[in-house]
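Engineer: Next up is a structure, given as structure tokens.
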Amino acid sequence: QVTLSLKGLAQWSYNVTVHLSERARRWLVDWTPAALEPQLAAGERFSRVLTWPQRAAILGEGGVPLRQTVQGWSVGVEPAKVTNLPAVENAFNSVLQVATSTVTDVMHTPGAQPTWFLPVTQISPQQFATVRPQLSPVPGILFEQSTARVTYAPGAAQALLGSTGPITAQLLGQLGAPYAAGDTVGLSGIELADERQLAGTPSADIELKDASGNVVGTSLKHYDGTPGTPVSTTIDPAIQSAAEAALAGVGKNAALVAVDAATGQIRAVANNPPGGFDRALQGTYPPGSTMKIITSYALFSNGDTLATPISCPTQVVVDGKTFKNIEGEATGNINLQQAFVESCNTAFIQMDQTLTPSQLTKAAGTFGFNAPEPLGVPSGGASFPPMKDIVDQSGAAIGQAEVVASPVHMAAVAAAVASGAWHEPTLLSGDQATATVTPLDPNIAANLRTMMGLVVAQGTGVAAQLPGTPVSGKTGTAEFGPGNPPQTHAWFIGFRGQLAFAVIVEGGGVGGSVAAPLAKNFLSMVPAS
């Protein structure tokens, strides 16, 4: 009996007849290749041939395909014909939004020969007519008809869904058998995170090949593979398209996330630029004045009311540290509700002095800070570190110091106010059943809804006003970097009906004038829920 251990497959066992001869009173094997396999002849060798099944689809809400495999075209490179690698990289990036690093990795595919066609990305038949005239003139870029991995709209949800391409040396080491050099795998996003589910397992045939590499005879052994199974997400294609349209033309890095307030299910994940780093899920930023939602929750829990009086001076000094309002405003004697609506930093820092560090930390925990955020793809979550002193606490109360959060997390904060409960955000269908849900105090949630409504009706978020169902929100202008004055990220988070959202523009300036109009554009393209 011969037993061969096949990499990534079950063992293969079979029987052979071995002929013996007696020589010098010892039995010895009359060696021929047939002693290994009856059909094996001199100069021939075993070969394992893998055939991967068609890659499964990534689905959106209601089973709508976000990305699926269809008959299309592969766009790739033949290294021997590349005369100017930067020109090839720029062409892929400008025409198909493929990262230059992806092209470089493909050019260095382990074991690839210079004359091989190495696929970089895939396009649909509809894209082919437009793309080919732009890329064919670049030496080294070629097209081959093949199955293509296409998205419901070109470039949609690119950072979230990710990309596929030839396996890299790093992924080959991580995935192991039965993957081999040249296999197509997920390289980023959901395509990478759910690679094994989407890819399934290959069928395999053990064949004999002669010295020239030609197959001899029929398959010696066949192993059935298993088809991939679709990955179902909570993304709504219509809401996703609206989010991407709202960010189109923004001249800075930006992100927009939409969440179903009643469930925590993520409906849209949009990035500008659309590919590369998924700042909507993975990016973490100081939340700025959007954090005042959480600080207000702590204040209300401590007995304050909407009418609690406070002043809003131009600046306040805490233990030698001067805190100012973003635009130097000072509105005199106001109350907590007005301080929120006008986003007065100095008022909130004064009120924060009545809280203990544990009260502020507890409020942040109610809204999911410092908790895991298992989305099924890499995510940044939200961090509210221990405060070192009263100055650190003052900064944390207005979303500065060392407090950071991702756009998806801040969208979930807005969703919690809308629904009255913190729902851990979920991206994959079915995850909602095990997601953490933390009810908010209903009276405090009602106060927060009142204040967020007034922010848009008459406060810093008026640029987000729309007719019909009222929009509620909170602006944020978050300082970062060593500049004097520092640069600021522009935030606006909020909800309309049961759709919550967060918008951030990196280095965008003031949230009310930069991020709030983007939210208005987004909501104008989405039916009110």
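Residues are referred to by chain and number: the chain letter is A, B, ... according to the order shown in the structure tokens, the number counts from 1 in that chain, and ligands are numbered separately from 1 in the order shown.
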Which neighbours of stretch 186-202 of chain A fall inside 8 Å, counting only C-alpha atoms, when residues of the same chain fewer than 2 positions from it are skipped, and could you give them as a count of residues only?
Structural biologist: 30
Engineer: Run DSSP on the backbone and grab whatever in stretch 410-468 of chain A lands in strand (DSSP E or B); send it over as a count of residues only.
Structural biologist: 8
Engineer: At a cut-off of 10 Å, can you tabulate as JSON lines every residue of stretch 190-286 of chain A near stretch 381-404 of chain A together with its closest atom pair and the distance in Å to one decimal, using only C-alpha atoms and ordering rows by chain then number?
Structural biologist:
```
{"residue": "A:Leu281", "atom": "CA", "partner": "A:Gly381", "partner_atom": "CA", "distance": 7.8}
{"residue": "A:Gln282", "atom": "CA", "partner": "A:Gly381", "partner_atom": "CA", "distance": 7.5}
{"residue": "A:Gly283", "atom": "CA", "partner": "A:Gly381", "partner_atom": "CA", "distance": 8.7}
{"residue": "A:Thr284", "atom": "CA", "partner": "A:Val404", "partner_atom": "CA", "distance": 5.6}
{"residue": "A:Tyr285", "atom": "CA", "partner": "A:Val404", "partner_atom": "CA", "distance": 4.8}
{"residue": "A:Pro286", "atom": "CA", "partner": "A:Val404", "partner_atom": "CA", "distance": 4.3}
```
Engineer: Would you mind exporting all heavy atoms of the selected residues as a PDB file, in the first residue's frame?
Structural biologist:
```pdb
ATOM      1  N   LEU A 281     -14.321  53.125   8.399  1.00  0.00           N
ATOM      2  CA  LEU A 281     -14.359  52.088   9.428  1.00  0.00           C
ATOM      3  C   LEU A 281     -13.092  52.044  10.258  1.00  0.00           C
ATOM      4  O   LEU A 281     -13.136  51.806  11.463  1.00  0.00           O
ATOM      5  CB  LEU A 281     -14.580  50.706   8.788  1.00  0.00           C
ATOM      6  CG  LEU A 281     -15.862  50.502   7.983  1.00  0.00           C
ATOM      7  CD1 LEU A 281     -15.969  49.042   7.548  1.00  0.00           C
ATOM      8  CD2 LEU A 281     -17.093  50.908   8.770  1.00  0.00           C
ATOM      9  N   GLN A 282     -11.941  52.242   9.619  1.00  0.00           N
ATOM     10  CA  GLN A 282     -10.671  52.062  10.313  1.00  0.00           C
ATOM     11  C   GLN A 282     -10.070  53.356  10.850  1.00  0.00           C
ATOM     12  O   GLN A 282      -9.260  53.326  11.774  1.00  0.00           O
ATOM     13  CB  GLN A 282      -9.656  51.409   9.370  1.00  0.00           C
ATOM     14  CG  GLN A 282     -10.061  50.023   8.894  1.00  0.00           C
ATOM     15  CD  GLN A 282      -9.007  49.429   7.972  1.00  0.00           C
ATOM     16  OE1 GLN A 282      -7.831  49.368   8.300  1.00  0.00           O
ATOM     17  NE2 GLN A 282      -9.425  48.988   6.792  1.00  0.00           N
ATOM     18  N   GLY A 283     -10.431  54.483  10.251  1.00  0.00           N
ATOM     19  CA  GLY A 283      -9.854  55.747  10.685  1.00  0.00           C
ATOM     20  C   GLY A 283     -10.314  56.119  12.086  1.00  0.00           C
ATOM     21  O   GLY A 283     -11.467  55.891  12.457  1.00  0.00           O
ATOM     22  N   THR A 284      -9.420  56.651  12.889  1.00  0.00           N
ATOM     23  CA  THR A 284      -9.800  57.146  14.216  1.00  0.00           C
ATOM     24  C   THR A 284      -9.340  58.601  14.345  1.00  0.00           C
ATOM     25  O   THR A 284      -8.216  58.939  13.980  1.00  0.00           O
ATOM     26  CB  THR A 284      -9.174  56.306  15.346  1.00  0.00           C
ATOM     27  OG1 THR A 284      -7.759  56.211  15.169  1.00  0.00           O
ATOM     28  CG2 THR A 284      -9.781  54.904  15.363  1.00  0.00           C
ATOM     29  N   TYR A 285     -10.227  59.429  14.869  1.00  0.00           N
ATOM     30  CA  TYR A 285     -10.010  60.870  14.912  1.00  0.00           C
ATOM     31  C   TYR A 285     -10.530  61.418  16.245  1.00  0.00           C
ATOM     32  O   TYR A 285     -11.468  60.854  16.823  1.00  0.00           O
ATOM     33  CB  TYR A 285     -10.783  61.568  13.787  1.00  0.00           C
ATOM     34  CG  TYR A 285     -10.591  60.961  12.422  1.00  0.00           C
ATOM     35  CD1 TYR A 285     -11.394  59.909  11.978  1.00  0.00           C
ATOM     36  CD2 TYR A 285      -9.612  61.444  11.559  1.00  0.00           C
ATOM     37  CE1 TYR A 285     -11.221  59.352  10.717  1.00  0.00           C
ATOM     38  CE2 TYR A 285      -9.426  60.902  10.294  1.00  0.00           C
ATOM     39  CZ  TYR A 285     -10.241  59.851   9.880  1.00  0.00           C
ATOM     40  OH  TYR A 285     -10.068  59.301   8.632  1.00  0.00           O
ATOM     41  N   PRO A 286      -9.982  62.531  16.717  1.00  0.00           N
ATOM     42  CA  PRO A 286     -10.629  63.191  17.853  1.00  0.00           C
ATOM     43  C   PRO A 286     -12.042  63.614  17.433  1.00  0.00           C
ATOM     44  O   PRO A 286     -12.214  64.210  16.366  1.00  0.00           O
ATOM     45  CB  PRO A 286      -9.732  64.402  18.127  1.00  0.00           C
ATOM     46  CG  PRO A 286      -8.937  64.608  16.871  1.00  0.00           C
ATOM     47  CD  PRO A 286      -8.787  63.266  16.242  1.00  0.00           C
TER      48      PRO A 286
END
```
Engineer: List as a VMD selection string the protein and nucleic acid residues near A:Thr32, meaning an atom at most 10 Å away when only C-alpha atoms are counted, but skip any in the same chain fewer than 3 places from it.
Structural biologist: chain A and resid 18 to 19 29 35 to 38 40 to 42
Engineer: Deliver the residues from the most recent selection as a file, using all heavy atoms, as a PDB file, in the first residue's frame.
Structural biologist:
```
ATOM      1  N   VAL A  18       4.519  -5.049  -6.212  1.00  0.00           N
ATOM      2  CA  VAL A  18       5.972  -4.851  -6.267  1.00  0.00           C
ATOM      3  C   VAL A  18       6.623  -6.198  -6.572  1.00  0.00           C
ATOM      4  O   VAL A  18       6.362  -7.200  -5.894  1.00  0.00           O
ATOM      5  CB  VAL A  18       6.498  -4.279  -4.934  1.00  0.00           C
ATOM      6  CG1 VAL A  18       8.012  -4.126  -4.990  1.00  0.00           C
ATOM      7  CG2 VAL A  18       5.840  -2.958  -4.632  1.00  0.00           C
ATOM      8  N   HIS A  19       7.437  -6.253  -7.605  1.00  0.00           N
ATOM      9  CA  HIS A  19       8.130  -7.477  -7.981  1.00  0.00           C
ATOM     10  C   HIS A  19       9.470  -7.566  -7.274  1.00  0.00           C
ATOM     11  O   HIS A  19      10.219  -6.593  -7.222  1.00  0.00           O
ATOM     12  CB  HIS A  19       8.331  -7.520  -9.505  1.00  0.00           C
ATOM     13  CG  HIS A  19       7.027  -7.576 -10.246  1.00  0.00           C
ATOM     14  ND1 HIS A  19       6.338  -8.744 -10.478  1.00  0.00           N
ATOM     15  CD2 HIS A  19       6.260  -6.577 -10.771  1.00  0.00           C
ATOM     16  CE1 HIS A  19       5.218  -8.485 -11.139  1.00  0.00           C
ATOM     17  NE2 HIS A  19       5.151  -7.157 -11.328  1.00  0.00           N
ATOM     18  N   VAL A  29      13.807  -5.387  -4.276  1.00  0.00           N
ATOM     19  CA  VAL A  29      12.767  -4.895  -5.184  1.00  0.00           C
ATOM     20  C   VAL A  29      13.337  -4.741  -6.584  1.00  0.00           C
ATOM     21  O   VAL A  29      14.412  -4.150  -6.765  1.00  0.00           O
ATOM     22  CB  VAL A  29      12.220  -3.538  -4.691  1.00  0.00           C
ATOM     23  CG1 VAL A  29      11.245  -2.945  -5.702  1.00  0.00           C
ATOM     24  CG2 VAL A  29      11.556  -3.682  -3.324  1.00  0.00           C
ATOM     25  N   ALA A  35       6.499   0.799  -9.581  1.00  0.00           N
ATOM     26  CA  ALA A  35       6.415   0.443  -8.173  1.00  0.00           C
ATOM     27  C   ALA A  35       5.736   1.536  -7.359  1.00  0.00           C
ATOM     28  O   ALA A  35       5.234   1.295  -6.268  1.00  0.00           O
ATOM     29  CB  ALA A  35       7.819   0.176  -7.618  1.00  0.00           C
ATOM     30  N   LEU A  36       5.733   2.753  -7.889  1.00  0.00           N
ATOM     31  CA  LEU A  36       5.021   3.855  -7.229  1.00  0.00           C
ATOM     32  C   LEU A  36       3.578   3.954  -7.685  1.00  0.00           C
ATOM     33  O   LEU A  36       2.687   4.244  -6.886  1.00  0.00           O
ATOM     34  CB  LEU A  36       5.724   5.184  -7.511  1.00  0.00           C
ATOM     35  CG  LEU A  36       7.038   5.441  -6.784  1.00  0.00           C
ATOM     36  CD1 LEU A  36       7.586   6.809  -7.144  1.00  0.00           C
ATOM     37  CD2 LEU A  36       6.840   5.345  -5.271  1.00  0.00           C
ATOM     38  N   GLU A  37       3.351   3.733  -8.978  1.00  0.00           N
ATOM     39  CA  GLU A  37       1.997   3.783  -9.534  1.00  0.00           C
ATOM     40  C   GLU A  37       2.030   3.006 -10.835  1.00  0.00           C
ATOM     41  O   GLU A  37       2.925   3.227 -11.655  1.00  0.00           O
ATOM     42  CB  GLU A  37       1.593   5.233  -9.783  1.00  0.00           C
ATOM     43  CG  GLU A  37       0.098   5.512  -9.676  1.00  0.00           C
ATOM     44  CD  GLU A  37      -0.737   4.870 -10.793  1.00  0.00           C
ATOM     45  OE1 GLU A  37      -0.264   4.828 -11.944  1.00  0.00           O
ATOM     46  OE2 GLU A  37      -1.862   4.421 -10.497  1.00  0.00           O
ATOM     47  N   PRO A  38       1.107   2.070 -11.038  1.00  0.00           N
ATOM     48  CA  PRO A  38       1.198   1.184 -12.205  1.00  0.00           C
ATOM     49  C   PRO A  38       1.325   1.914 -13.539  1.00  0.00           C
ATOM     50  O   PRO A  38       1.943   1.396 -14.468  1.00  0.00           O
ATOM     51  CB  PRO A  38      -0.109   0.380 -12.123  1.00  0.00           C
ATOM     52  CG  PRO A  38      -0.458   0.377 -10.665  1.00  0.00           C
ATOM     53  CD  PRO A  38      -0.008   1.707 -10.150  1.00  0.00           C
ATOM     54  N   LEU A  40       2.837   4.829 -14.042  1.00  0.00           N
ATOM     55  CA  LEU A  40       3.983   5.728 -14.069  1.00  0.00           C
ATOM     56  C   LEU A  40       5.127   5.102 -14.861  1.00  0.00           C
ATOM     57  O   LEU A  40       5.554   3.972 -14.571  1.00  0.00           O
ATOM     58  CB  LEU A  40       4.440   6.039 -12.645  1.00  0.00           C
ATOM     59  CG  LEU A  40       5.548   7.087 -12.479  1.00  0.00           C
ATOM     60  CD1 LEU A  40       5.060   8.447 -12.950  1.00  0.00           C
ATOM     61  CD2 LEU A  40       5.998   7.147 -11.020  1.00  0.00           C
ATOM     62  N   ALA A  41       5.624   5.846 -15.857  1.00  0.00           N
ATOM     63  CA  ALA A  41       6.728   5.364 -16.689  1.00  0.00           C
ATOM     64  C   ALA A  41       7.955   6.237 -16.470  1.00  0.00           C
ATOM     65  O   ALA A  41       7.880   7.312 -15.868  1.00  0.00           O
ATOM     66  CB  ALA A  41       6.323   5.377 -18.164  1.00  0.00           C
ATOM     67  N   ALA A  42       9.066   5.789 -16.983  1.00  0.00           N
ATOM     68  CA  ALA A  42      10.320   6.524 -16.829  1.00  0.00           C
ATOM     69  C   ALA A  42      10.180   7.938 -17.402  1.00  0.00           C
ATOM     70  O   ALA A  42       9.622   8.125 -18.485  1.00  0.00           O
ATOM     71  CB  ALA A  42      11.451   5.785 -17.530  1.00  0.00           C
TER      72      ALA A  42
END
```
Engineer: Within 6 Å of stretch 413-430 of chain A, counting only C-alpha atoms, which residues show up once you throw out same-chain ones fewer than 5 positions away? Write them as a PyMOL selection string, please.
Structural biologist: chain A and resi 232-234+261-262+264-266+367+375+435-440+445+494+500
Engineer: Take the residues from that selection and put them in a file with all heavy atoms, as a short mmCIF file (atom, residue, chain, number, x, y, z; two decimals), in the first residue's frame.
Structural biologist:
```
data_model
loop_
_atom_site.label_atom_id
_atom_site.label_comp_id
_atom_site.auth_asym_id
_atom_site.auth_seq_id
_atom_site.Cartn_x
_atom_site.Cartn_y
_atom_site.Cartn_z
N SER A 232 -23.21 37.88 3.26
CA SER A 232 -24.35 38.80 3.29
C SER A 232 -24.06 39.96 4.22
O SER A 232 -23.73 39.76 5.40
CB SER A 232 -25.62 38.07 3.75
OG SER A 232 -25.98 37.05 2.83
N THR A 233 -24.18 41.17 3.70
CA THR A 233 -23.96 42.37 4.50
C THR A 233 -25.26 43.14 4.67
O THR A 233 -26.29 42.81 4.06
CB THR A 233 -22.93 43.31 3.83
OG1 THR A 233 -23.56 43.97 2.71
CG2 THR A 233 -21.72 42.53 3.33
N THR A 234 -25.19 44.19 5.48
CA THR A 234 -26.37 45.03 5.73
C THR A 234 -26.37 46.30 4.87
O THR A 234 -27.20 47.17 5.07
CB THR A 234 -26.40 45.43 7.21
OG1 THR A 234 -25.22 46.17 7.52
CG2 THR A 234 -26.48 44.21 8.12
N ALA A 261 -30.80 53.25 12.87
CA ALA A 261 -30.78 53.57 14.29
C ALA A 261 -31.46 52.51 15.15
O ALA A 261 -31.06 52.27 16.29
CB ALA A 261 -31.46 54.93 14.53
N ALA A 262 -32.46 51.85 14.62
CA ALA A 262 -33.21 50.88 15.41
C ALA A 262 -32.47 49.57 15.61
O ALA A 262 -32.76 48.82 16.55
CB ALA A 262 -34.56 50.61 14.75
N GLY A 264 -28.72 49.19 14.56
CA GLY A 264 -27.26 49.29 14.52
C GLY A 264 -26.65 48.75 13.24
O GLY A 264 -25.43 48.74 13.09
N GLN A 265 -27.49 48.30 12.31
CA GLN A 265 -26.97 47.75 11.06
C GLN A 265 -26.45 48.88 10.16
O GLN A 265 -27.12 49.90 9.96
CB GLN A 265 -28.06 46.96 10.33
CG GLN A 265 -28.47 45.70 11.09
CD GLN A 265 -29.58 44.95 10.38
OE1 GLN A 265 -30.38 45.53 9.66
NE2 GLN A 265 -29.63 43.64 10.59
N ILE A 266 -25.27 48.67 9.61
CA ILE A 266 -24.62 49.68 8.77
C ILE A 266 -25.23 49.63 7.37
O ILE A 266 -25.26 48.58 6.74
CB ILE A 266 -23.11 49.43 8.72
CG1 ILE A 266 -22.52 49.52 10.13
CG2 ILE A 266 -22.43 50.43 7.79
CD1 ILE A 266 -21.08 49.06 10.21
N PHE A 367 -21.97 54.58 25.52
CA PHE A 367 -22.02 54.75 24.06
C PHE A 367 -20.94 53.93 23.36
O PHE A 367 -20.51 54.26 22.25
CB PHE A 367 -21.86 56.22 23.70
CG PHE A 367 -23.09 57.05 23.99
CD1 PHE A 367 -23.30 57.58 25.26
CD2 PHE A 367 -24.06 57.28 23.02
CE1 PHE A 367 -24.42 58.34 25.55
CE2 PHE A 367 -25.18 58.04 23.29
CZ PHE A 367 -25.38 58.57 24.56
N LEU A 375 -16.67 43.94 13.50
CA LEU A 375 -17.48 44.12 12.29
C LEU A 375 -17.25 43.03 11.26
O LEU A 375 -17.96 42.96 10.27
CB LEU A 375 -17.17 45.48 11.65
CG LEU A 375 -17.54 46.72 12.46
CD1 LEU A 375 -17.17 47.98 11.68
CD2 LEU A 375 -19.01 46.73 12.81
N ALA A 435 -25.16 41.24 18.97
CA ALA A 435 -24.56 42.56 19.21
C ALA A 435 -24.99 43.11 20.57
O ALA A 435 -26.10 42.87 21.04
CB ALA A 435 -24.96 43.53 18.10
N THR A 436 -24.11 43.88 21.17
CA THR A 436 -24.40 44.51 22.46
C THR A 436 -25.42 45.64 22.29
O THR A 436 -25.31 46.46 21.38
CB THR A 436 -23.11 45.09 23.07
OG1 THR A 436 -22.18 44.03 23.27
CG2 THR A 436 -23.39 45.79 24.39
N VAL A 437 -26.41 45.66 23.16
CA VAL A 437 -27.42 46.73 23.18
C VAL A 437 -27.48 47.28 24.59
O VAL A 437 -27.68 46.54 25.55
CB VAL A 437 -28.81 46.22 22.75
CG1 VAL A 437 -29.83 47.35 22.81
CG2 VAL A 437 -28.76 45.61 21.36
N THR A 438 -27.27 48.60 24.74
CA THR A 438 -27.29 49.25 26.05
C THR A 438 -28.36 50.34 26.04
O THR A 438 -28.20 51.37 25.38
CB THR A 438 -25.93 49.88 26.37
OG1 THR A 438 -24.91 48.89 26.27
CG2 THR A 438 -25.92 50.48 27.77
N PRO A 439 -29.47 50.15 26.75
CA PRO A 439 -30.52 51.18 26.78
C PRO A 439 -30.01 52.47 27.41
O PRO A 439 -29.26 52.45 28.39
CB PRO A 439 -31.62 50.54 27.62
CG PRO A 439 -31.33 49.06 27.60
CD PRO A 439 -29.84 48.95 27.51
N LEU A 440 -30.41 53.59 26.85
CA LEU A 440 -30.13 54.89 27.45
C LEU A 440 -31.26 55.24 28.41
O LEU A 440 -32.38 54.73 28.30
CB LEU A 440 -30.03 55.98 26.38
CG LEU A 440 -29.05 55.78 25.22
CD1 LEU A 440 -29.01 57.03 24.35
CD2 LEU A 440 -27.66 55.43 25.71
N ALA A 445 -32.27 60.62 26.91
CA ALA A 445 -32.30 60.47 25.45
C ALA A 445 -33.24 61.49 24.83
O ALA A 445 -32.95 62.08 23.78
CB ALA A 445 -32.72 59.05 25.07
N GLY A 494 -25.57 62.86 13.05
CA GLY A 494 -26.98 63.12 13.35
C GLY A 494 -27.88 62.02 12.84
O GLY A 494 -27.44 60.90 12.55
N ALA A 500 -29.32 57.14 10.89
CA ALA A 500 -28.29 57.94 11.54
C ALA A 500 -27.05 57.96 10.65
O ALA A 500 -26.86 57.09 9.79
CB ALA A 500 -27.95 57.37 12.91
#
```
